[in-house]
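The data block below is input.txt; it holds compact mmCIF, C-alpha atoms and all ligand atoms.
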# COMPACT_ATOMS: atom_id res chain seq x y z
CA MET A 1 -3.29 -2.79 12.35
CA ASN A 2 -1.59 -4.07 9.22
CA ALA A 3 1.49 -6.28 9.40
CA THR A 4 3.97 -3.59 8.32
CA SER A 5 2.78 -1.09 10.94
CA ALA A 6 2.66 -3.77 13.63
CA THR A 7 6.22 -4.81 12.85
CA PHE A 8 7.63 -1.30 13.12
CA GLU A 9 5.57 -0.80 16.26
CA LEU A 10 7.11 -3.91 17.82
CA LEU A 11 10.72 -3.76 16.59
CA GLY A 12 11.23 -0.08 15.75
CA ASP A 13 12.43 0.62 19.24
CA ARG A 14 16.01 1.05 20.38
CA LEU A 15 15.63 -0.99 23.57
CA THR A 16 13.94 -3.86 21.75
CA LEU A 17 16.75 -3.90 19.20
CA ALA A 18 19.33 -3.87 22.00
CA VAL A 19 17.54 -6.78 23.71
CA LEU A 20 17.59 -8.82 20.52
CA ARG A 21 21.16 -7.94 19.78
CA ASP A 22 22.30 -9.13 23.23
CA ALA A 23 20.26 -12.31 22.82
CA PHE A 24 22.13 -13.09 19.60
CA LEU A 25 25.61 -11.83 20.37
CA GLU A 26 25.93 -12.33 24.12
CA ARG A 27 23.42 -15.17 24.58
CA THR A 28 21.64 -12.95 27.09
CA CYS A 29 18.50 -14.70 28.32
CA ARG A 30 17.72 -13.30 31.78
CA PHE A 31 15.95 -10.13 32.82
CA ASN A 32 18.76 -9.02 35.14
CA GLN A 33 21.40 -9.51 32.48
CA TRP A 34 19.54 -7.22 30.10
CA LEU A 35 18.93 -4.76 32.88
CA GLU A 36 22.64 -4.57 33.52
CA ARG A 37 23.66 -4.44 29.88
CA THR A 38 21.15 -1.86 28.69
CA GLY A 39 20.71 0.27 31.80
CA ALA A 40 16.99 0.48 30.95
CA PRO A 41 14.41 1.16 33.67
CA PRO A 42 13.00 -2.23 34.81
CA ALA A 43 9.39 -1.38 33.93
CA ILE A 44 10.32 -0.45 30.38
CA LEU A 45 12.48 -3.53 29.91
CA ALA A 46 9.64 -5.71 31.24
CA ASP A 47 7.23 -4.01 28.82
CA ARG A 48 9.45 -4.76 25.84
CA LEU A 49 10.11 -8.37 26.84
CA ASN A 50 6.39 -8.97 27.39
CA ALA A 51 5.59 -7.58 23.95
CA LEU A 52 8.21 -9.88 22.41
CA VAL A 53 6.84 -12.91 24.28
CA LEU A 54 3.27 -12.07 23.25
CA ARG A 55 4.27 -11.90 19.61
CA GLY A 56 6.18 -15.19 19.83
CA VAL A 57 9.71 -13.80 19.45
CA PHE A 58 10.80 -15.25 22.81
CA HIS A 59 9.33 -17.98 24.90
CA ARG A 60 9.72 -18.13 28.64
CA VAL A 61 11.19 -21.20 30.28
CA PRO A 62 11.96 -21.72 33.99
CA GLN A 63 15.59 -21.08 34.91
CA PRO A 64 17.34 -24.38 35.65
CA ASP A 65 18.75 -23.16 38.98
CA THR A 66 15.76 -21.06 40.15
CA PRO A 67 12.61 -22.47 38.53
CA GLU A 68 10.45 -19.65 39.93
CA ARG A 69 12.28 -17.32 37.57
CA TYR A 70 12.24 -17.34 33.80
CA GLU A 71 14.71 -17.34 30.98
CA TYR A 72 13.86 -15.96 27.57
CA GLN A 73 14.71 -18.11 24.59
CA LEU A 74 14.41 -17.01 20.99
CA THR A 75 11.78 -18.94 19.06
CA GLU A 76 12.14 -19.77 15.36
CA LEU A 77 10.39 -16.48 14.63
CA GLY A 78 12.76 -14.71 17.03
CA LEU A 79 15.78 -16.29 15.36
CA SER A 80 14.53 -14.98 12.04
CA THR A 81 14.95 -11.37 13.26
CA TRP A 82 18.66 -12.06 12.70
CA LEU A 83 18.25 -10.89 9.11
CA ILE A 84 16.86 -7.51 10.23
CA LEU A 85 19.63 -6.99 12.77
CA VAL A 86 22.39 -7.83 10.31
CA CYS A 87 20.95 -5.40 7.75
CA LEU A 88 20.59 -2.70 10.43
CA TRP A 89 24.14 -3.10 11.74
CA GLY A 90 25.53 -3.08 8.21
CA TRP A 91 23.69 0.14 7.45
CA GLN A 92 24.77 1.76 10.71
CA ARG A 93 28.40 0.85 10.09
CA GLU A 94 28.27 2.18 6.57
CA TRP A 95 26.45 5.44 7.12
CA THR A 96 26.72 6.72 10.67
CA ALA A 97 29.54 7.90 12.90
CA GLU A 98 28.20 5.84 15.80
CA GLY A 99 28.10 2.78 13.56
CA ALA A 100 31.78 1.97 14.00
CA GLY A 101 30.72 0.44 17.33
CA GLU A 102 28.29 -1.95 15.65
CA PRO A 103 29.29 -5.58 15.14
CA GLU A 104 31.14 -6.34 11.93
CA LEU A 105 30.03 -9.33 9.91
CA VAL A 106 32.73 -11.93 9.19
CA HIS A 107 32.13 -14.93 6.95
CA GLU A 108 33.83 -17.84 8.70
CA GLN A 109 34.57 -19.85 5.57
CA CYS A 110 36.35 -17.21 3.52
CA GLY A 111 37.23 -14.65 6.20
CA HIS A 112 35.57 -11.79 4.32
CA ARG A 113 34.62 -8.87 6.57
CA GLY A 114 31.95 -6.30 5.92
CA PRO A 115 28.35 -5.96 4.87
CA ALA A 116 26.67 -8.69 2.86
CA VAL A 117 24.71 -8.21 -0.34
CA VAL A 118 20.96 -8.57 -0.01
CA VAL A 119 19.70 -10.90 -2.73
CA CYS A 120 16.39 -12.46 -3.70
CA TRP A 121 15.76 -15.99 -2.41
CA GLU A 122 13.95 -16.85 -5.61
CA CYS A 123 16.31 -15.63 -8.35
CA ASP A 124 19.54 -14.90 -6.46
CA ASN A 125 19.85 -11.37 -7.88
CA HIS A 126 20.56 -8.25 -5.84
CA ILE A 127 17.42 -6.53 -4.59
CA THR A 128 17.35 -2.76 -4.57
CA ALA A 129 14.79 0.00 -4.57
CA ARG A 130 15.32 0.26 -8.32
CA ASN A 131 14.55 -3.33 -9.31
CA THR A 132 11.59 -3.88 -7.01
CA VAL A 133 8.05 -2.63 -6.77
CA VAL A 134 6.70 -1.72 -3.36
CA GLU A 135 2.95 -2.17 -3.28
CA ILE A 136 0.39 -1.18 -0.72
CA GLU A 137 -1.76 -4.21 -0.29
CA SER A 138 -4.83 -2.46 1.02
CA ASP A 139 -5.25 1.28 1.27
CA ALA A 140 -8.11 1.01 3.76
CA VAL A 141 -5.79 -0.14 6.49
CA TRP A 142 -3.86 3.07 6.79
CA SER A 143 -6.71 5.06 8.21
CA SER A 144 -6.81 2.85 11.30
CA THR A 145 -3.29 3.75 12.34
CA SER A 146 -2.78 6.47 14.87
CA GLY A 147 -0.60 9.51 14.48
CA ALA A 148 0.83 9.20 17.97
CA ARG A 149 4.58 9.04 18.10
CA ARG A 150 4.21 5.82 20.08
CA ARG A 151 1.18 3.92 21.18
CA SER A 152 0.05 5.62 24.35
CA SER A 153 0.04 2.35 26.32
CA ARG A 154 3.69 2.01 25.51
CA LEU A 155 6.32 3.34 27.83
CA PRO A 156 8.76 5.66 26.07
CA SER A 157 12.34 4.58 25.66
CA GLN A 158 15.10 7.15 25.98
CA PRO A 159 18.61 7.00 24.61
CA THR A 160 21.01 5.93 27.35
CA GLN A 161 24.76 6.12 27.80
CA SER A 162 25.18 2.59 26.53
CA GLY A 163 26.69 2.37 23.06
CA ASP A 164 24.37 -0.55 22.38
CA MET A 165 21.47 1.84 22.42
CA GLN A 166 22.80 4.36 19.95
CA PHE A 167 20.50 3.79 17.04
CA ASN A 168 19.76 7.49 16.86
CA THR A 169 19.99 7.97 13.12
CA VAL A 170 18.21 4.87 12.01
CA MET A 171 15.54 5.49 14.64
CA GLU A 172 14.55 8.61 12.71
CA ALA A 173 13.57 6.24 9.92
CA ILE A 174 12.20 3.23 11.74
CA GLY A 175 11.56 4.30 15.34
CA ASP A 176 8.11 5.57 14.63
CA ARG A 177 5.40 3.98 12.57
CA TRP A 178 4.70 7.05 10.46
CA SER A 179 8.36 7.74 9.77
CA ALA A 180 8.78 4.10 8.79
CA LEU A 181 5.83 4.24 6.40
CA VAL A 182 6.89 7.56 4.88
CA THR A 183 10.43 6.26 4.31
CA GLY A 184 9.11 2.99 2.92
CA TYR A 185 6.80 4.81 0.58
CA ALA A 186 9.60 7.16 -0.53
CA LEU A 187 11.70 4.08 -1.34
CA ALA A 188 8.71 2.85 -3.32
CA GLY A 189 8.85 5.99 -5.46
CA ALA A 190 6.50 8.47 -3.79
CA ARG A 191 7.86 11.98 -4.23
CA ARG A 192 5.22 14.62 -3.61
CA PHE A 193 3.54 15.65 -0.39
CA GLY A 194 0.17 14.81 -1.93
CA ASP A 195 1.35 11.29 -2.92
CA PHE A 196 2.33 10.47 0.64
CA ARG A 197 -0.78 12.02 2.03
CA ALA A 198 -3.15 10.21 -0.29
CA ALA A 199 -1.48 6.82 0.09
CA LEU A 200 -0.95 6.85 3.82
CA ASN A 201 -4.04 8.77 4.85
CA VAL A 202 -1.91 10.79 7.22
CA SER A 203 -2.74 14.23 8.60
CA PRO A 204 -0.86 17.15 6.96
CA THR A 205 0.68 18.11 10.32
CA THR A 206 2.03 14.63 11.02
CA LEU A 207 3.29 14.26 7.47
CA THR A 208 5.02 17.67 7.49
CA ASP A 209 6.68 16.77 10.78
CA ARG A 210 7.93 13.36 9.61
CA LEU A 211 9.15 14.67 6.25
CA SER A 212 11.17 17.41 7.89
CA ARG A 213 12.62 15.00 10.46
CA LEU A 214 13.63 12.61 7.69
CA CYS A 215 15.26 15.48 5.78
CA ALA A 216 17.13 16.58 8.92
CA ALA A 217 18.34 12.99 9.36
CA ASP A 218 19.65 13.00 5.75
CA ILE A 219 17.37 10.15 4.74
CA LEU A 220 15.22 12.25 2.43
CA ARG A 221 15.98 15.56 0.77
CA LYS A 222 13.67 18.17 -0.58
CA CYS A 223 14.35 18.97 -4.21
CA GLU A 224 13.45 21.91 -6.37
CA PRO A 225 11.66 22.12 -8.69
CA GLY A 226 8.35 20.66 -7.73
CA GLN A 227 9.04 20.38 -4.01
CA GLN A 228 9.75 16.68 -4.30
CA TYR A 229 11.10 14.52 -1.55
CA ARG A 230 13.71 12.02 -2.68
CA PRO A 231 15.71 9.47 -0.73
CA THR A 232 19.37 10.43 -0.32
CA ALA A 233 22.07 7.83 -1.04
CA ARG A 234 21.94 6.65 2.52
CA GLY A 235 18.16 6.66 2.46
CA MET A 236 18.26 4.45 -0.65
CA ASP A 237 20.67 2.13 1.10
CA LEU A 238 18.06 1.52 3.81
CA PHE A 239 16.28 -0.63 1.29
CA GLY A 240 17.80 -3.88 2.58
CA VAL A 241 16.69 -2.97 6.08
CA TYR A 242 13.17 -2.32 4.84
CA ALA A 243 13.05 -5.46 2.75
CA SER A 244 13.99 -7.52 5.80
CA PHE A 245 11.43 -5.78 8.03
CA ILE A 246 8.67 -6.24 5.47
CA TRP A 247 9.55 -9.88 4.85
CA TRP A 248 9.53 -10.49 8.61
CA SER A 249 6.16 -8.78 9.00
CA GLY A 250 4.66 -11.53 6.85
CA GLN A 251 6.18 -14.16 9.13
CA ALA A 252 5.19 -12.49 12.38
CA PHE A 253 1.73 -11.16 11.61
CA PRO A 254 -0.02 -13.59 9.27
CA ASP A 255 -3.24 -12.72 11.10
CA ALA A 256 -2.99 -8.94 10.59
CA THR A 257 -5.79 -6.99 8.89
CA GLY A 258 -3.57 -6.61 5.82
CA ARG A 259 0.04 -6.96 4.82
CA GLY A 260 0.55 -3.20 4.51
CA LEU A 261 3.61 -2.87 2.29
CA ILE A 262 4.72 -5.75 0.14
CA ILE A 263 7.78 -5.84 -2.09
CA ARG A 264 7.87 -7.63 -5.42
CA HIS A 265 11.09 -8.31 -7.29
CA ARG A 266 10.82 -7.11 -10.88
CA LEU A 267 13.39 -9.60 -12.12
CA CYS A 268 11.47 -12.71 -11.07
CA ASP A 269 8.06 -11.35 -10.02
CA ALA A 270 8.30 -13.12 -6.64
CA LEU A 271 7.47 -11.46 -3.34
CA VAL A 272 10.83 -10.52 -1.92
CA GLU A 273 12.39 -12.88 0.58
CA PRO A 274 15.79 -11.32 1.30
CA VAL A 275 18.83 -13.56 1.66
CA LEU A 276 22.34 -12.43 2.51
CA LYS A 277 25.25 -13.25 0.27
CA CYS A 278 28.95 -12.86 1.03
CA ARG A 279 30.70 -10.20 -1.06
CA GLY A 280 33.93 -12.15 -0.78
CA CYS A 281 33.00 -15.63 -2.00
CA ASN A 282 29.44 -15.15 -3.24
CA SER A 283 27.90 -17.87 -1.09
CA ARG A 284 24.68 -17.46 0.86
CA LEU A 285 25.02 -16.66 4.55
CA ASP A 286 23.07 -17.84 7.53
CA ARG A 287 23.39 -17.52 11.29
CA THR A 288 25.73 -20.46 11.59
CA SER A 289 28.17 -19.47 8.86
CA VAL A 290 29.10 -16.03 10.19
CA ARG A 291 30.49 -14.44 13.30
CA PHE A 292 30.45 -10.85 14.49
CA ASP A 293 33.50 -8.97 15.59
CA HIS A 294 32.63 -6.38 18.08
CA LEU A 295 35.20 -3.65 18.59
CA ARG A 296 34.12 -2.46 22.01
CA THR A 297 34.37 -5.84 23.68
CA GLN A 298 37.71 -6.82 22.20
ZN ZN B 301 14.06 -12.31 -7.63
ZN ZN B 302 32.58 -15.55 2.01

So, in terms of structure tokens, how does the structure I just supplied come out?
Amino acid sequence: MNATSATFELLGDRLTLAVLRDAFLERTCRFNQWLERTGAPPAILADRLNALVLRGVFHRVPQPDTPERYEYQLTELGLSTWLILVCLWGWQREWTAEGAGEPELVHEQCGHRGPAVVVCWECDNHITARNTVVEIESDAVWSSTSGARRRSSRLPSQPTQSGDMQFNTVMEAIGDRWSALVTGYALAGARRFGDFRAALNVSPTTLTDRLSRLCAADILRKCEPGQQYRPTARGMDLFGVYASFIWWSGQAFPDATGRGLIIRHRLCDALVEPVLKCRGCNSRLDRTSVRFDHLRTQ
């Protein structure tokens, strides 16, 4: 499986995102704490944590008080998912009704609140769908991906009552490998059914299904004439989320059969490494220079 598909397979899951979010915001590190916070069935939670440990997002260490049990600590790679989460929360807050419950980014130094700008590490300019080129590194890799909504070995995750788990809208775009690839390819400029089909080597039934789901979720819209599919404004604004996922896929899956999607910045010709910049004071942001205000817990 190529790195892009593997990344969406691993992280494009509402429980996995809730686990990571609690690890960052609540310093959650024990199985029972996640169980309590997310309300997920134990077997499914264990499945997700195992997948994250296998991929090197967490490592297990014995609990200081009960060494026969483990704690989960974010590795360097795990810490780097911060960028994806911040982009996701920002998008949710901006575009969805449920997003008001997502954490709000606050820059400690200047006090600015609200979403950051996603800029290019290399040239410091804004990165958008319009000033980048999304390339498919190897077209052969797509045929090896399955059309299943989730890998069959994977236990399904259901929405729960917990607000932390309400990624319903964005899950239409990223919660399934095919949806993620179709959205990514639409952001790259694909417009016609045949373009998607040829590039992704996807069956017509699967493609029709994903396109209509993405239209229903207001991420794509079908335009006359020519029956083209175009990203809506909020679909276009998912670009930062995609850029961070695709950058991370290169970090997490250097051994994959191919990169899958890669994004090149037209302004500097570098492969995109997204960096967040404060809209208030224009300085670059990292994990230590921001905090998150979370309405529900205050
Ligand atoms: Zn650049
Ligand atoms: Zn600032």

*asked:* Excluding segment 188-191 of chain A and its own-chain neighbours fewer than 5 positions away, which residues fall within 6 Å of it when counting only C-alpha atoms? Please give them as a list of chain:residue names.
replied: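 What passes the distance filter is A:Val134, A:Gln228, A:Tyr229.
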
I need the chosen residues saved as a PDB file, in the coordinates of the input, with C-alpha atoms.
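And here is the file that came out, result-v6.pdb:
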ATOM      1  CA  VAL A 134       6.700  -1.720  -3.360  1.00  0.00           C
ATOM      2  CA  GLN A 228       9.750  16.680  -4.300  1.00  0.00           C
ATOM      3  CA  TYR A 229      11.100  14.520  -1.550  1.00  0.00           C
TER       4      TYR A 229
END

*Mind pulling up the distance from atom CA of Ala46 of chain A to atom CA of Leu11 of chain A?*
14.8 Å

*Pick from A:Gly111, A:Gly194, A:Pro274, A:Gly240, whichever lies nearest to ligand ZN 301 (chain B) using all atoms listed in the file*: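 Ranking A:Gly111, A:Gly194, A:Pro274, A:Gly240 by distance to ligand ZN 301 (chain B), first place goes to A:Pro274.
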
What are the nearest atom pairs, with distances in Å to one decimal, for all residues of chain A that come at most 7 Å from ligand ZN 301 (chain B), using all atoms listed in the file, set out by chain and rising residue number as a tab-separated table?
residue	atom	partner	partner_atom	distance
A:Cys120	CA	B:ZN301	ZN	4.6
A:Trp121	CA	B:ZN301	ZN	6.6
A:Glu122	CA	B:ZN301	ZN	5.0
A:Cys123	CA	B:ZN301	ZN	4.1
A:Asp124	CA	B:ZN301	ZN	6.2
A:Asn125	CA	B:ZN301	ZN	5.9
A:His265	CA	B:ZN301	ZN	5.0
A:Arg266	CA	B:ZN301	ZN	6.9
A:Leu267	CA	B:ZN301	ZN	5.3
A:Cys268	CA	B:ZN301	ZN	4.3
A:Asp269	CA	B:ZN301	ZN	6.5
A:Ala270	CA	B:ZN301	ZN	5.9
A:Val272	CA	B:ZN301	ZN	6.8

Step by step, measure atom-to-atom distances between ligand ZN 302 (chain B) and each residue using only C-alpha atoms and all ligand atoms, keep those at most 9 Å, then write them as a PDB file with C-alpha atoms, in the frame of the given file.
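File produced: pocket01.pdb:
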ATOM      1  CA  VAL A 106      32.730 -11.930   9.190  1.00  0.00           C
ATOM      2  CA  HIS A 107      32.130 -14.930   6.950  1.00  0.00           C
ATOM      3  CA  GLU A 108      33.830 -17.840   8.700  1.00  0.00           C
ATOM      4  CA  GLN A 109      34.570 -19.850   5.570  1.00  0.00           C
ATOM      5  CA  CYS A 110      36.350 -17.210   3.520  1.00  0.00           C
ATOM      6  CA  GLY A 111      37.230 -14.650   6.200  1.00  0.00           C
ATOM      7  CA  HIS A 112      35.570 -11.790   4.320  1.00  0.00           C
ATOM      8  CA  ARG A 113      34.620  -8.870   6.570  1.00  0.00           C
ATOM      9  CA  LYS A 277      25.250 -13.250   0.270  1.00  0.00           C
ATOM     10  CA  CYS A 278      28.950 -12.860   1.030  1.00  0.00           C
ATOM     11  CA  ARG A 279      30.700 -10.200  -1.060  1.00  0.00           C
ATOM     12  CA  GLY A 280      33.930 -12.150  -0.780  1.00  0.00           C
ATOM     13  CA  CYS A 281      33.000 -15.630  -2.000  1.00  0.00           C
ATOM     14  CA  ASN A 282      29.440 -15.150  -3.240  1.00  0.00           C
ATOM     15  CA  SER A 283      27.900 -17.870  -1.090  1.00  0.00           C
ATOM     16  CA  ARG A 284      24.680 -17.460   0.860  1.00  0.00           C
ATOM     17  CA  LEU A 285      25.020 -16.660   4.550  1.00  0.00           C
ATOM     18  CA  VAL A 290      29.100 -16.030  10.190  1.00  0.00           C
TER      19      VAL A 290
END

*asked:* I'd like the neighbourhood of Pro103 of chain A as a PyMOL selection string, where a residue qualifies if any of its atoms comes within 9 Å (using only C-alpha atoms), though same-chain residues fewer than 3 positions away should be ignored.
replied: chain A and resi 25+86+89-90+93+99-100+292-296

*Do you know which residues lie at most 7 Å from (14.0, -20.7, 30.9), with coordinates as in the file and all atoms listed in the file counted, and could you write them as a PyMOL selection string?*
chain A and resi 60-64+70-73

_Proximity to Gly114 of chain A - best of A:Cys87, A:Ile127, A:Leu79, A:Ala3, only C-alpha atoms_ = A:Cys87

*Interatomic distance between atom CA of His59 of chain A and atom CA of Ala252 of chain A?*
14.3 Å

*asked:* From the options A:Arg192, A:Lys222, A:Arg48, A:Arg234, which residue's atoms come nearest to Val170 of chain A, counting all atoms listed in the file?
replied: A:Arg234

Pop segment 213-224 of chain A out of the structure in the block and write all heavy atoms as a CSV table (one decimal), in the first residue's frame.
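Final output, result17.csv:
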chain,number,residue,atom,x,y,z
A,213,ARG,N,-21.4,10.7,-2.1
A,213,ARG,CA,-21.3,11.0,-0.7
A,213,ARG,C,-20.6,12.3,-0.4
A,213,ARG,O,-20.9,13.1,0.4
A,213,ARG,CB,-20.4,9.9,0.0
A,213,ARG,CG,-21.1,8.5,0.1
A,213,ARG,CD,-20.2,7.5,0.8
A,213,ARG,NE,-20.2,7.8,2.2
A,213,ARG,CZ,-20.7,7.1,3.2
A,213,ARG,NH1,-21.4,6.0,2.8
A,213,ARG,NH2,-20.6,7.4,4.4
A,214,LEU,N,-19.5,12.6,-1.2
A,214,LEU,CA,-18.8,13.8,-1.1
A,214,LEU,C,-19.6,15.0,-1.5
A,214,LEU,O,-19.5,16.1,-0.9
A,214,LEU,CB,-17.5,13.8,-1.9
A,214,LEU,CG,-16.4,12.8,-1.2
A,214,LEU,CD1,-15.3,12.5,-2.2
A,214,LEU,CD2,-15.8,13.4,0.1
A,215,CYS,N,-20.5,14.8,-2.5
A,215,CYS,CA,-21.5,15.9,-2.8
A,215,CYS,C,-22.5,16.1,-1.7
A,215,CYS,O,-22.8,17.3,-1.3
A,215,CYS,CB,-22.2,15.6,-4.1
A,215,CYS,SG,-21.1,15.7,-5.6
A,216,ALA,N,-23.0,15.1,-1.1
A,216,ALA,CA,-24.0,15.2,0.0
A,216,ALA,C,-23.3,15.9,1.2
A,216,ALA,O,-24.0,16.6,1.9
A,216,ALA,CB,-24.5,13.8,0.3
A,217,ALA,N,-22.0,15.7,1.4
A,217,ALA,CA,-21.3,16.3,2.5
A,217,ALA,C,-20.9,17.7,2.2
A,217,ALA,O,-20.2,18.3,3.0
A,217,ALA,CB,-20.1,15.4,2.9
A,218,ASP,N,-21.2,18.2,1.0
A,218,ASP,CA,-20.9,19.6,0.6
A,218,ASP,C,-19.4,19.8,0.5
A,218,ASP,O,-18.8,20.8,0.9
A,218,ASP,CB,-21.5,20.6,1.5
A,218,ASP,CG,-21.4,22.0,1.0
A,218,ASP,OD1,-21.3,22.2,-0.2
A,218,ASP,OD2,-21.4,23.0,1.8
A,219,ILE,N,-18.7,18.7,0.1
A,219,ILE,CA,-17.2,18.9,-0.1
A,219,ILE,C,-16.9,19.0,-1.6
A,219,ILE,O,-16.1,19.7,-2.0
A,219,ILE,CB,-16.5,17.7,0.5
A,219,ILE,CG1,-16.5,17.9,2.1
A,219,ILE,CG2,-15.1,17.5,0.0
A,219,ILE,CD1,-16.2,16.7,2.9
A,220,LEU,N,-17.7,18.3,-2.4
A,220,LEU,CA,-17.7,18.4,-3.9
A,220,LEU,C,-19.1,18.9,-4.3
A,220,LEU,O,-20.0,18.7,-3.6
A,220,LEU,CB,-17.3,17.1,-4.6
A,220,LEU,CG,-16.0,16.5,-4.3
A,220,LEU,CD1,-15.8,15.2,-5.1
A,220,LEU,CD2,-14.8,17.4,-4.5
A,221,ARG,N,-19.2,19.4,-5.5
A,221,ARG,CA,-20.5,19.6,-6.1
A,221,ARG,C,-20.4,19.3,-7.6
A,221,ARG,O,-19.3,19.4,-8.2
A,221,ARG,CB,-21.0,21.1,-5.9
A,221,ARG,CG,-20.2,22.1,-6.6
A,221,ARG,CD,-20.9,23.5,-6.5
A,221,ARG,NE,-20.3,24.4,-7.4
A,221,ARG,CZ,-19.2,25.1,-7.0
A,221,ARG,NH1,-18.6,24.9,-5.8
A,221,ARG,NH2,-18.6,25.9,-7.9
A,222,LYS,N,-21.5,18.8,-8.1
A,222,LYS,CA,-21.6,18.4,-9.5
A,222,LYS,C,-22.0,19.6,-10.3
A,222,LYS,O,-23.1,20.2,-10.0
A,222,LYS,CB,-22.6,17.3,-9.6
A,222,LYS,CG,-22.4,16.5,-10.9
A,222,LYS,CD,-23.3,15.2,-10.8
A,222,LYS,CE,-23.1,14.4,-12.1
A,222,LYS,NZ,-23.9,13.2,-12.0
A,223,CYS,N,-21.3,20.0,-11.3
A,223,CYS,CA,-21.6,21.2,-12.1
A,223,CYS,C,-22.0,20.8,-13.5
A,223,CYS,O,-21.4,20.0,-14.1
A,223,CYS,CB,-20.4,22.1,-12.2
A,223,CYS,SG,-19.7,22.5,-10.6
A,224,GLU,N,-23.0,21.5,-14.0
A,224,GLU,CA,-23.3,21.5,-15.4
A,224,GLU,C,-22.6,22.7,-16.0
A,224,GLU,O,-22.4,23.6,-15.3
A,224,GLU,CB,-24.8,21.6,-15.6
A,224,GLU,CG,-25.7,20.6,-14.9
A,224,GLU,CD,-25.5,19.2,-15.5
A,224,GLU,OE1,-25.0,19.1,-16.6
A,224,GLU,OE2,-25.9,18.3,-14.8
